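This is query-v5.txt. It holds compact mmCIF, C-alpha atoms.
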```
# COMPACT_ATOMS: atom_id res chain seq x y z
CA MET V 1 9.58 -21.17 -45.14
CA GLU V 2 9.78 -19.77 -48.66
CA ALA V 3 6.56 -21.49 -49.72
CA ARG V 4 4.88 -20.41 -46.48
CA ALA V 5 5.77 -16.78 -47.18
CA LYS V 6 4.46 -17.03 -50.74
CA LEU V 7 1.23 -18.60 -49.51
CA ILE V 8 0.65 -15.75 -47.06
CA ASP V 9 1.40 -13.25 -49.82
CA LEU V 10 -1.30 -14.86 -51.94
CA GLY V 11 -3.76 -14.68 -49.08
CA ALA V 12 -2.93 -11.01 -48.55
CA PHE V 13 -3.36 -10.33 -52.26
CA ILE V 14 -6.83 -11.89 -52.31
CA ASP V 15 -7.79 -9.97 -49.14
CA ARG V 16 -6.67 -6.76 -50.85
CA VAL V 17 -8.74 -7.47 -53.95
CA GLU V 18 -11.78 -8.37 -51.87
CA ARG V 19 -11.53 -5.16 -49.83
CA ALA V 20 -11.80 -3.16 -53.04
CA THR V 21 -15.08 -2.10 -54.63
CA GLY V 22 -16.25 -2.87 -58.14
CA GLN V 23 -16.50 -6.08 -60.09
CA GLU V 24 -13.60 -8.46 -60.53
CA ASP V 25 -12.26 -8.62 -64.07
CA PHE V 26 -11.36 -11.71 -66.08
CA ARG V 27 -7.84 -11.84 -64.65
CA MET V 28 -9.11 -12.41 -61.11
CA ALA V 29 -11.58 -15.04 -62.29
CA ALA V 30 -8.72 -16.81 -64.09
CA PHE V 31 -6.56 -16.47 -60.98
CA ARG V 32 -9.20 -18.18 -58.84
CA ALA V 33 -9.58 -20.97 -61.40
CA ALA V 34 -5.81 -21.47 -61.50
CA LEU V 35 -5.64 -21.45 -57.71
CA ALA V 36 -8.07 -24.36 -57.62
CA GLU V 37 -5.53 -26.44 -59.56
CA LEU V 38 -3.27 -26.49 -56.50
CA ASP V 39 -5.84 -28.34 -54.41
CA LYS V 40 -6.37 -31.17 -56.89
CA GLN V 41 -4.81 -34.54 -56.21
CA GLN V 42 -2.96 -34.50 -59.53
CA PRO V 43 0.72 -34.19 -60.50
CA GLN V 44 2.17 -31.36 -62.63
CA LYS V 45 0.51 -28.58 -60.67
CA ALA V 46 2.76 -25.85 -62.09
CA ARG V 47 1.93 -26.99 -65.63
CA ASN V 48 -1.78 -27.11 -64.83
CA VAL V 49 -1.75 -23.59 -63.37
CA LEU V 50 -0.07 -22.34 -66.55
CA LEU V 51 -2.62 -24.16 -68.71
CA ALA V 52 -5.49 -22.65 -66.70
CA LEU V 53 -4.15 -19.18 -67.52
CA SER V 54 -3.43 -19.89 -71.21
CA ASP V 55 -5.24 -19.05 -74.42
CA PRO V 56 -6.55 -22.49 -75.49
CA THR V 57 -7.42 -21.47 -79.07
CA THR V 58 -5.41 -22.52 -82.09
CA GLU V 59 -6.05 -19.92 -84.80
CA PRO V 60 -3.92 -16.76 -85.18
CA ILE V 61 -5.72 -13.57 -84.16
CA PRO V 62 -6.56 -11.11 -86.99
CA ALA V 63 -4.13 -8.42 -85.75
CA ALA V 64 -2.03 -7.56 -82.71
CA THR V 65 -3.51 -4.49 -81.03
CA THR V 66 -1.13 -4.44 -78.08
CA LYS V 67 2.38 -5.70 -77.38
CA ALA V 68 2.03 -6.82 -73.79
CA ALA V 69 0.46 -9.95 -72.34
CA CYS V 70 -1.76 -9.49 -69.29
CA GLY V 71 -1.32 -12.84 -67.57
CA ALA V 72 -4.68 -14.46 -68.27
CA TRP V 73 -6.84 -15.24 -71.29
CA PRO V 74 -9.94 -13.01 -71.50
CA GLY V 75 -12.07 -16.02 -72.38
CA LYS V 76 -12.78 -15.14 -75.96
CA PRO V 77 -10.64 -14.63 -79.06
CA ALA V 78 -9.01 -11.18 -79.00
CA MET B 1 24.00 -6.06 -74.37
CA VAL B 2 22.27 -3.06 -75.85
CA SER B 3 19.75 -2.75 -73.00
CA ARG B 4 22.32 -3.12 -70.21
CA THR B 5 25.14 -1.15 -68.68
CA THR B 6 28.85 -1.85 -68.83
CA ASP B 7 28.65 -2.77 -65.14
CA ASP B 8 26.70 -5.86 -66.17
CA TYR B 9 29.58 -6.98 -68.40
CA ILE B 10 31.94 -6.53 -65.43
CA ASP B 11 29.67 -8.59 -63.18
CA MET B 12 29.38 -11.37 -65.76
CA ALA B 13 33.13 -11.53 -66.32
CA THR B 14 33.69 -11.55 -62.55
CA ALA B 15 31.23 -14.43 -62.16
CA GLY B 16 33.18 -16.50 -64.70
CA CYS B 17 30.98 -16.05 -67.77
CA GLN B 18 32.85 -16.68 -71.03
CA ALA B 19 30.56 -15.19 -73.64
CA VAL B 20 27.45 -13.14 -74.26
CA CYS B 21 24.89 -14.31 -76.82
CA GLU B 22 22.60 -11.42 -77.63
CA PRO B 23 19.55 -11.82 -79.86
CA ALA B 24 18.15 -8.92 -81.85
CA PHE B 25 15.08 -7.78 -79.98
CA TRP B 26 12.74 -4.91 -79.29
CA ALA B 27 14.25 -1.51 -78.50
CA GLY B 28 11.62 -0.70 -75.89
CA PHE B 29 9.93 1.39 -78.61
CA ASP B 30 9.09 0.78 -82.27
CA ARG B 31 11.80 1.82 -84.71
CA SER B 32 10.53 4.16 -87.41
CA SER B 33 12.28 2.65 -90.42
CA ALA B 34 14.53 -0.10 -91.74
CA LYS B 35 17.43 2.34 -91.41
CA GLY B 36 17.00 2.15 -87.65
CA PHE B 37 17.52 -1.60 -87.88
CA TYR B 38 20.59 -1.13 -90.05
CA ASP B 39 22.13 0.98 -87.29
CA TYR B 40 21.02 -1.55 -84.67
CA PHE B 41 22.64 -4.42 -86.57
CA CYS B 42 25.85 -2.37 -86.78
CA GLN B 43 25.66 -1.86 -83.02
CA LEU B 44 25.24 -5.61 -82.46
CA THR B 45 28.06 -6.61 -84.80
CA GLU B 46 30.56 -3.78 -84.30
CA HIS B 47 30.13 -1.85 -81.05
CA GLU B 48 28.88 -4.46 -78.56
CA PRO B 49 31.66 -6.99 -79.32
CA LYS B 50 34.19 -4.28 -78.50
CA ARG B 51 32.38 -3.26 -75.30
CA ALA B 52 32.26 -6.89 -74.10
CA ALA B 53 35.85 -7.62 -75.17
CA LYS B 54 37.13 -5.00 -72.73
CA PHE B 55 36.25 -7.47 -69.99
CA GLY B 56 37.36 -10.64 -71.76
CA LEU B 57 33.86 -11.60 -72.85
CA SER B 58 33.27 -12.94 -76.35
CA HIS B 59 30.14 -11.45 -77.90
CA PHE B 60 27.84 -13.29 -80.30
CA THR B 61 24.55 -12.18 -81.78
CA TRP B 62 21.46 -13.22 -83.75
CA LEU B 63 19.68 -10.97 -86.25
CA CYS B 64 16.03 -10.39 -87.12
CA ILE B 65 13.13 -8.01 -86.68
CA ASN B 66 11.64 -8.98 -83.33
CA PRO B 67 8.08 -10.37 -83.18
CA LYS B 68 6.98 -7.29 -81.21
CA GLU B 69 7.55 -5.24 -84.39
CA SER B 70 6.23 -7.83 -86.83
CA GLU B 71 2.72 -6.48 -87.20
CA ASP B 72 4.01 -4.14 -89.91
CA VAL B 73 4.77 -6.65 -92.67
CA LYS B 74 6.14 -4.06 -95.11
CA LEU B 75 8.68 -2.83 -92.55
CA ALA B 76 9.55 -6.43 -91.72
CA GLU B 77 10.18 -7.23 -95.39
CA GLU B 78 12.50 -4.23 -95.66
CA VAL B 79 14.43 -5.28 -92.55
CA ILE B 80 14.68 -8.92 -93.63
CA ALA B 81 16.10 -7.69 -96.95
CA ILE B 82 19.07 -6.04 -95.21
CA ILE B 83 19.91 -8.94 -92.86
CA PRO B 84 21.97 -10.89 -95.46
CA LYS B 85 24.44 -7.98 -95.57
CA PHE B 86 25.34 -8.80 -91.96
CA LEU B 87 25.31 -12.60 -91.95
CA ASP B 88 29.01 -12.88 -92.75
CA ARG B 89 30.02 -10.77 -89.76
CA PRO B 90 32.21 -12.83 -87.40
CA ASN B 91 29.92 -12.73 -84.36
CA VAL B 92 26.61 -13.53 -86.11
CA LEU B 93 25.38 -17.03 -85.17
CA GLY B 94 22.07 -17.03 -87.01
CA ILE B 95 18.53 -15.67 -87.24
CA GLY B 96 16.81 -14.69 -83.99
CA GLU B 97 15.05 -14.12 -81.85
CA ILE B 98 12.21 -14.79 -84.24
CA GLY B 99 8.80 -16.13 -83.31
CA LEU B 100 5.49 -14.68 -82.21
CA ASN B 101 4.34 -12.12 -79.65
CA LYS B 102 0.53 -11.87 -79.76
CA ASN B 103 0.04 -14.74 -82.23
CA SER B 104 -1.36 -12.59 -85.03
CA ARG B 105 -1.59 -13.42 -88.72
CA ASN B 106 1.01 -10.81 -89.65
CA GLU B 107 3.43 -12.03 -86.98
CA LEU B 108 3.02 -15.53 -88.42
CA LYS B 109 3.72 -14.28 -91.93
CA VAL B 110 6.90 -12.51 -90.78
CA LEU B 111 7.97 -15.64 -88.90
CA GLU B 112 7.65 -17.62 -92.14
CA LEU B 113 9.77 -15.02 -93.96
CA HIS B 114 12.49 -15.34 -91.31
CA VAL B 115 12.41 -19.14 -91.43
CA ASP B 116 12.74 -18.99 -95.21
CA LEU B 117 15.72 -16.62 -94.89
CA ALA B 118 17.39 -18.98 -92.39
CA ALA B 119 16.81 -21.97 -94.65
CA ARG B 120 18.08 -20.19 -97.79
CA THR B 121 21.23 -19.00 -96.03
CA ASN B 122 21.80 -22.12 -93.90
CA GLN B 123 21.57 -20.22 -90.62
CA MET B 124 20.81 -21.54 -87.17
CA ILE B 125 17.61 -20.25 -85.53
CA LEU B 126 16.84 -18.81 -82.09
CA VAL B 127 13.11 -18.71 -81.37
CA HIS B 128 11.30 -16.34 -79.02
CA THR B 129 8.05 -17.76 -77.67
CA PRO B 130 5.30 -15.41 -76.46
CA HIS B 131 4.82 -14.71 -72.78
CA LEU B 132 2.16 -15.55 -70.23
CA GLU B 133 -1.29 -16.41 -71.64
CA ASP B 134 0.00 -16.34 -75.22
CA LYS B 135 2.88 -18.81 -74.76
CA LEU B 136 1.12 -22.14 -75.21
CA LYS B 137 -0.72 -21.20 -78.40
CA GLY B 138 2.29 -19.34 -79.80
CA THR B 139 4.70 -22.19 -79.15
CA ARG B 140 2.41 -24.63 -80.95
CA LEU B 141 2.02 -22.27 -83.94
CA ILE B 142 5.79 -21.70 -84.13
CA VAL B 143 6.59 -25.41 -83.99
CA ASP B 144 4.03 -26.03 -86.75
CA VAL B 145 5.77 -23.45 -88.99
CA LEU B 146 9.22 -24.92 -88.32
CA LYS B 147 8.14 -28.51 -88.83
CA SER B 148 6.34 -27.71 -92.05
CA ASP B 149 9.55 -26.38 -93.63
CA LYS B 150 11.51 -29.52 -94.46
CA ARG B 151 14.72 -27.54 -94.95
CA ILE B 152 14.89 -26.81 -91.22
CA GLN B 153 16.99 -29.17 -89.08
CA PRO B 154 15.47 -29.24 -85.58
CA GLU B 155 18.83 -29.78 -83.88
CA ARG B 156 19.95 -26.37 -85.24
CA VAL B 157 16.97 -24.58 -83.67
CA ILE B 158 16.45 -23.56 -80.06
CA ILE B 159 12.95 -22.75 -78.78
CA ASP B 160 13.53 -20.24 -76.01
CA HIS B 161 11.55 -19.17 -72.93
CA VAL B 162 9.94 -22.60 -72.45
CA GLU B 163 8.00 -23.27 -69.25
CA GLU B 164 6.34 -26.34 -67.74
CA HIS B 165 3.44 -26.31 -70.25
CA THR B 166 5.57 -25.86 -73.39
CA ILE B 167 8.85 -27.68 -72.77
CA GLU B 168 7.52 -30.97 -74.15
CA VAL B 169 6.22 -29.23 -77.29
CA ALA B 170 9.79 -28.17 -78.11
CA LEU B 171 11.70 -31.27 -77.02
CA ASP B 172 9.29 -33.81 -78.53
CA ALA B 173 9.71 -32.13 -81.94
CA GLY B 174 13.50 -32.54 -81.74
CA PHE B 175 14.37 -28.91 -81.00
CA TRP B 176 16.60 -27.59 -78.26
CA ALA B 177 14.75 -25.82 -75.44
CA GLY B 178 15.91 -22.73 -73.54
CA MET B 179 14.66 -21.71 -70.11
CA THR B 180 14.99 -17.97 -69.64
CA LEU B 181 15.39 -16.99 -66.00
CA TYR B 182 13.59 -13.95 -64.60
CA PRO B 183 13.52 -12.57 -61.07
CA GLU B 184 9.76 -12.14 -61.31
CA SER B 185 6.74 -12.89 -63.52
CA LYS B 186 8.21 -15.81 -65.50
CA CYS B 187 10.52 -18.84 -65.04
CA THR B 188 12.61 -18.86 -61.86
CA ALA B 189 15.82 -20.79 -61.25
CA ALA B 190 13.99 -23.17 -58.91
CA ARG B 191 11.44 -24.07 -61.58
CA ALA B 192 14.10 -24.39 -64.28
CA ILE B 193 16.03 -26.86 -62.13
CA ASP B 194 12.79 -28.78 -61.52
CA MET B 195 12.47 -29.11 -65.31
CA ILE B 196 16.08 -30.29 -65.62
CA GLU B 197 15.37 -32.96 -63.00
CA ILE B 198 12.20 -34.06 -64.81
CA TYR B 199 13.31 -33.88 -68.46
CA GLY B 200 17.08 -34.41 -68.20
CA GLY B 201 19.63 -32.18 -69.80
CA GLU B 202 20.14 -33.53 -73.29
CA ARG B 203 18.84 -30.58 -75.35
CA LEU B 204 18.14 -28.10 -72.60
CA TRP B 205 19.86 -24.99 -71.30
CA MET B 206 19.24 -21.95 -69.10
CA ASN B 207 19.81 -18.32 -70.03
CA SER B 208 19.58 -15.04 -68.16
CA ALA B 209 16.96 -12.51 -69.23
CA CYS B 210 18.83 -9.26 -69.90
CA ASP B 211 16.22 -6.88 -71.22
CA TRP B 212 14.43 -3.61 -70.53
CA GLY B 213 12.37 -5.10 -67.74
CA ILE B 214 13.55 -6.21 -64.34
CA SER B 215 16.13 -8.86 -65.10
CA VAL B 216 19.37 -10.25 -63.71
CA PRO B 217 22.35 -10.91 -66.01
CA LEU B 218 23.81 -13.23 -63.38
CA ALA B 219 20.68 -15.38 -63.21
CA VAL B 220 22.49 -18.40 -64.69
CA PRO B 221 25.40 -18.29 -62.19
CA TYR B 222 22.82 -17.98 -59.40
CA ALA B 223 20.98 -21.00 -60.83
CA ALA B 224 24.25 -22.93 -60.81
CA LEU B 225 24.56 -22.11 -57.11
CA GLU B 226 20.99 -23.33 -56.54
CA MET B 227 21.81 -26.58 -58.38
CA LYS B 228 24.83 -27.07 -56.13
CA ARG B 229 22.65 -26.43 -53.07
CA ARG B 230 20.24 -29.14 -54.25
CA GLY B 231 23.11 -31.60 -54.51
CA HIS B 232 23.63 -31.82 -58.26
CA ALA B 233 27.06 -33.11 -59.27
CA PRO B 234 29.56 -30.56 -60.60
CA GLU B 235 29.57 -32.22 -64.03
CA VAL B 236 25.78 -31.93 -64.26
CA ILE B 237 25.90 -28.25 -63.35
CA ASP B 238 28.71 -27.65 -65.84
CA ARG B 239 26.70 -29.39 -68.55
CA MET B 240 23.65 -27.21 -67.97
CA VAL B 241 25.32 -23.83 -67.65
CA TYR B 242 28.27 -24.27 -70.01
CA GLN B 243 28.66 -27.45 -72.05
CA ASN B 244 25.15 -27.53 -73.49
CA PRO B 245 25.18 -23.92 -74.73
CA VAL B 246 28.63 -24.53 -76.20
CA ARG B 247 27.44 -27.74 -77.86
CA PHE B 248 24.45 -26.04 -79.47
CA MET B 249 26.21 -22.88 -80.60
CA SER B 250 29.29 -24.71 -81.83
CA GLN B 251 27.13 -25.87 -84.71
CA SER B 252 28.08 -22.48 -86.07
CA PRO B 253 31.74 -22.46 -87.14
CA LYS B 254 31.91 -18.86 -85.91
CA PHE B 255 31.31 -19.84 -82.28
CA LYS B 256 34.77 -20.07 -80.79
CA LEU B 257 35.76 -19.28 -77.20
CA PRO B 258 39.21 -18.22 -76.07
CA LYS B 259 41.15 -21.11 -74.58
CA ALA B 260 41.07 -21.04 -70.77
```
Could you write out this structure as structure tokens?
Amino acid sequence: MEARAKLIDLGAFIDRVERATGQEDFRMAAFRAALAELDKQQPQKARNVLLALSDPTTEPIPAATTKAACGAWPGKPA
Amino acid sequence: MVSRTTDDYIDMATAGCQAVCEPAFWAGFDRSSAKGFYDYFCQLTEHEPKRAAKFGLSHFTWLCINPKESEDVKLAEEVIAIIPKFLDRPNVLGIGEIGLNKNSRNELKVLELHVDLAARTNQMILVHTPHLEDKLKGTRLIVDVLKSDKRIQPERVIIDHVEEHTIEVALDAGFWAGMTLYPESKCTAARAIDMIEIYGGERLWMNSACDWGISVPLAVPYAALEMKRRGHAPEVIDRMVYQNPVRFMSQSPKFKLPKA
């Protein structure tokens, strides 16, 4: 029941985003990519969702310009 | 707990908690000078132990300048210079929570300064790993710094806030791993228990997020209830919520709990 409720919440969230105008930003693109991990016939789905949302680079960034994380990697070094 | 009310201490004592372990962290705003940190360290080592003791809770702390304020290297150097004045205080367990926030060059430099301080003064280390998209990269960078300093003993270091994609990075390098429980946005009790079932409980513990955001000081007792519901044996639950934290922190001779 708990998972069912969470699944419906996700569906409602996507409906909400798609009712809005304007272009989706990188966070929604990352969300859709992470969502696809759930449908793959592979173990460690939670880990793979986290990896899909992670910064894959290895070098420190030149300087921190903000304190907060936003939940998804913009797709290029900050 | 600087960011929490006295009611939280009452709730923790009522739920059977024995001690509070509070890392130095961000104030919710940037402090304007090293003097602000001096006052903060006094609060952590003088006032908070008294506030917790009113409810029978032992209070322990870790000292540092938090990664969120580590972009200013000069300020960090000034703060790190005053930390040794506090290391002999009876409730100080070590240096923490140090680490990275946005994985910047300056944050990395300040992390190295903290690690050097811990090594020079033979202190244990509590590590904060970044959140969300920054966690994987940050955890790898932090582990690289710790492993490259041969004075650091991994068994005296805990890498905190691990999740499914970083837990192996910490455990495989010989460190302890902490799973910080949040009511939203990060690791839940259900996921933490999944990780216990997958990785075992040798160098693993759970802790309750108690910060400025939405957090629940009783998250660990609630997780214990969830473990019971899943059928874990009482000794396994006791090991995860009590014995393991005691085993790690008892590496400091200052960590002593009142006899039950």
In Å, how far is it from CA of Leu257 (chain B) to CA of Gln18 (chain B)? 7.3 Å
Ref. answer, residues at most 10 Å from (2.5, -18.1, -75.1) with only C-alpha atoms, as a VMD selection string: (chain V and resid 50 54 to 55 69 71) or (chain B and resid 100 to 103 128 to 141 161 to 163 165 to 166)
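Among the candidates B:Met227, B:Leu218, B:Ala52, B:Ile198, the residue lying nearest to chain V is B:Ile198 (atoms considered: all atoms listed in the file).
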Could you check how far CA of Gly200 (chain B) sits from CA of Ile142 (chain B), in Å to one decimal? 23.3 Å
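Minimum atom-to-atom distance to chain V, evaluated using only C-alpha atoms, belongs to B:Asn106 out of B:Ser208, B:Asn106, B:Thr180, B:Thr121.
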By how many Å are CA of Leu225 (chain B) and CA of Val241 (chain B) apart? 10.7 Å
Which residues of chain V come within 7 Å of chain B, and what is each one's closest atom pair and distance in Å (one decimal), counting only C-alpha atoms, sorted by chain and residue number, as JSON lines?
```
{"residue": "V:Ala46", "atom": "CA", "partner": "B:Glu164", "partner_atom": "CA", "distance": 6.7}
{"residue": "V:Arg47", "atom": "CA", "partner": "B:His165", "partner_atom": "CA", "distance": 4.9}
{"residue": "V:Leu50", "atom": "CA", "partner": "B:His165", "partner_atom": "CA", "distance": 6.5}
{"residue": "V:Leu51", "atom": "CA", "partner": "B:His165", "partner_atom": "CA", "distance": 6.6}
{"residue": "V:Leu53", "atom": "CA", "partner": "B:Glu133", "partner_atom": "CA", "distance": 5.7}
{"residue": "V:Ser54", "atom": "CA", "partner": "B:Glu133", "partner_atom": "CA", "distance": 4.1}
{"residue": "V:Asp55", "atom": "CA", "partner": "B:Glu133", "partner_atom": "CA", "distance": 5.5}
{"residue": "V:Pro56", "atom": "CA", "partner": "B:Lys137", "partner_atom": "CA", "distance": 6.6}
{"residue": "V:Thr57", "atom": "CA", "partner": "B:Lys137", "partner_atom": "CA", "distance": 6.7}
{"residue": "V:Thr58", "atom": "CA", "partner": "B:Lys137", "partner_atom": "CA", "distance": 6.1}
{"residue": "V:Pro60", "atom": "CA", "partner": "B:Ser104", "partner_atom": "CA", "distance": 4.9}
{"residue": "V:Ile61", "atom": "CA", "partner": "B:Ser104", "partner_atom": "CA", "distance": 4.6}
{"residue": "V:Pro62", "atom": "CA", "partner": "B:Arg105", "partner_atom": "CA", "distance": 5.7}
{"residue": "V:Ala63", "atom": "CA", "partner": "B:Ser104", "partner_atom": "CA", "distance": 5.1}
{"residue": "V:Ala64", "atom": "CA", "partner": "B:Ser104", "partner_atom": "CA", "distance": 5.6}
{"residue": "V:Lys67", "atom": "CA", "partner": "B:Lys68", "partner_atom": "CA", "distance": 6.2}
{"residue": "V:Ala69", "atom": "CA", "partner": "B:Leu132", "partner_atom": "CA", "distance": 6.2}
{"residue": "V:Gly71", "atom": "CA", "partner": "B:Leu132", "partner_atom": "CA", "distance": 5.2}
{"residue": "V:Ala72", "atom": "CA", "partner": "B:Glu133", "partner_atom": "CA", "distance": 5.2}
{"residue": "V:Trp73", "atom": "CA", "partner": "B:Glu133", "partner_atom": "CA", "distance": 5.7}
```
Selection export as a compact mmCIF listing (two decimals), in the coordinates of the input, atoms kept: C-alpha atoms:
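Final output, selection-v1.txt:
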```txt
# COMPACT_ATOMS: atom_id res chain seq x y z
CA ALA V 46 2.76 -25.85 -62.09
CA ARG V 47 1.93 -26.99 -65.63
CA LEU V 50 -0.07 -22.34 -66.55
CA LEU V 51 -2.62 -24.16 -68.71
CA LEU V 53 -4.15 -19.18 -67.52
CA SER V 54 -3.43 -19.89 -71.21
CA ASP V 55 -5.24 -19.05 -74.42
CA PRO V 56 -6.55 -22.49 -75.49
CA THR V 57 -7.42 -21.47 -79.07
CA THR V 58 -5.41 -22.52 -82.09
CA PRO V 60 -3.92 -16.76 -85.18
CA ILE V 61 -5.72 -13.57 -84.16
CA PRO V 62 -6.56 -11.11 -86.99
CA ALA V 63 -4.13 -8.42 -85.75
CA ALA V 64 -2.03 -7.56 -82.71
CA LYS V 67 2.38 -5.70 -77.38
CA ALA V 69 0.46 -9.95 -72.34
CA GLY V 71 -1.32 -12.84 -67.57
CA ALA V 72 -4.68 -14.46 -68.27
CA TRP V 73 -6.84 -15.24 -71.29
```
Counting all atoms listed in the file, what is within 9 Å of region 35-48 of chain B, bar same-chain residues fewer than 2 positions away, as a PDB file with C-alpha atoms, keeping the file's coordinate frame?
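Result file is out_35.pdb:
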```pdb
ATOM      1  CA  MET B   1      24.000  -6.060 -74.370  1.00  0.00           C
ATOM      2  CA  VAL B   2      22.270  -3.060 -75.850  1.00  0.00           C
ATOM      3  CA  GLU B  22      22.600 -11.420 -77.630  1.00  0.00           C
ATOM      4  CA  PRO B  23      19.550 -11.820 -79.860  1.00  0.00           C
ATOM      5  CA  ALA B  24      18.150  -8.920 -81.850  1.00  0.00           C
ATOM      6  CA  ARG B  31      11.800   1.820 -84.710  1.00  0.00           C
ATOM      7  CA  SER B  32      10.530   4.160 -87.410  1.00  0.00           C
ATOM      8  CA  SER B  33      12.280   2.650 -90.420  1.00  0.00           C
ATOM      9  CA  LYS B  50      34.190  -4.280 -78.500  1.00  0.00           C
ATOM     10  CA  ARG B  51      32.380  -3.260 -75.300  1.00  0.00           C
ATOM     11  CA  ALA B  52      32.260  -6.890 -74.100  1.00  0.00           C
ATOM     12  CA  ALA B  53      35.850  -7.620 -75.170  1.00  0.00           C
ATOM     13  CA  HIS B  59      30.140 -11.450 -77.900  1.00  0.00           C
ATOM     14  CA  PHE B  60      27.840 -13.290 -80.300  1.00  0.00           C
ATOM     15  CA  THR B  61      24.550 -12.180 -81.780  1.00  0.00           C
ATOM     16  CA  TRP B  62      21.460 -13.220 -83.750  1.00  0.00           C
ATOM     17  CA  LEU B  63      19.680 -10.970 -86.250  1.00  0.00           C
ATOM     18  CA  CYS B  64      16.030 -10.390 -87.120  1.00  0.00           C
ATOM     19  CA  ILE B  65      13.130  -8.010 -86.680  1.00  0.00           C
ATOM     20  CA  VAL B  79      14.430  -5.280 -92.550  1.00  0.00           C
ATOM     21  CA  ILE B  82      19.070  -6.040 -95.210  1.00  0.00           C
ATOM     22  CA  ILE B  83      19.910  -8.940 -92.860  1.00  0.00           C
ATOM     23  CA  PHE B  86      25.340  -8.800 -91.960  1.00  0.00           C
ATOM     24  CA  ARG B  89      30.020 -10.770 -89.760  1.00  0.00           C
ATOM     25  CA  PRO B  90      32.210 -12.830 -87.400  1.00  0.00           C
ATOM     26  CA  ASN B  91      29.920 -12.730 -84.360  1.00  0.00           C
ATOM     27  CA  VAL B  92      26.610 -13.530 -86.110  1.00  0.00           C
TER      28      VAL B  92
END
```
B:Asp194, B:Asp149, B:Glu202, B:Asp144: which is nearest Gln44 (chain V), counting all atoms listed in the file? B:Asp194
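Residue nearest Glu37 (chain V) within the list V:Gln23, V:Glu2, V:Ala52, V:Ile14: V:Ala52 [criterion: smallest interatomic distance, only C-alpha atoms].
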Using only C-alpha atoms, the best pick from B:Pro258, B:Pro245, B:Pro49, B:Pro183 as closest to Tyr222 (chain B) would be B:Pro183
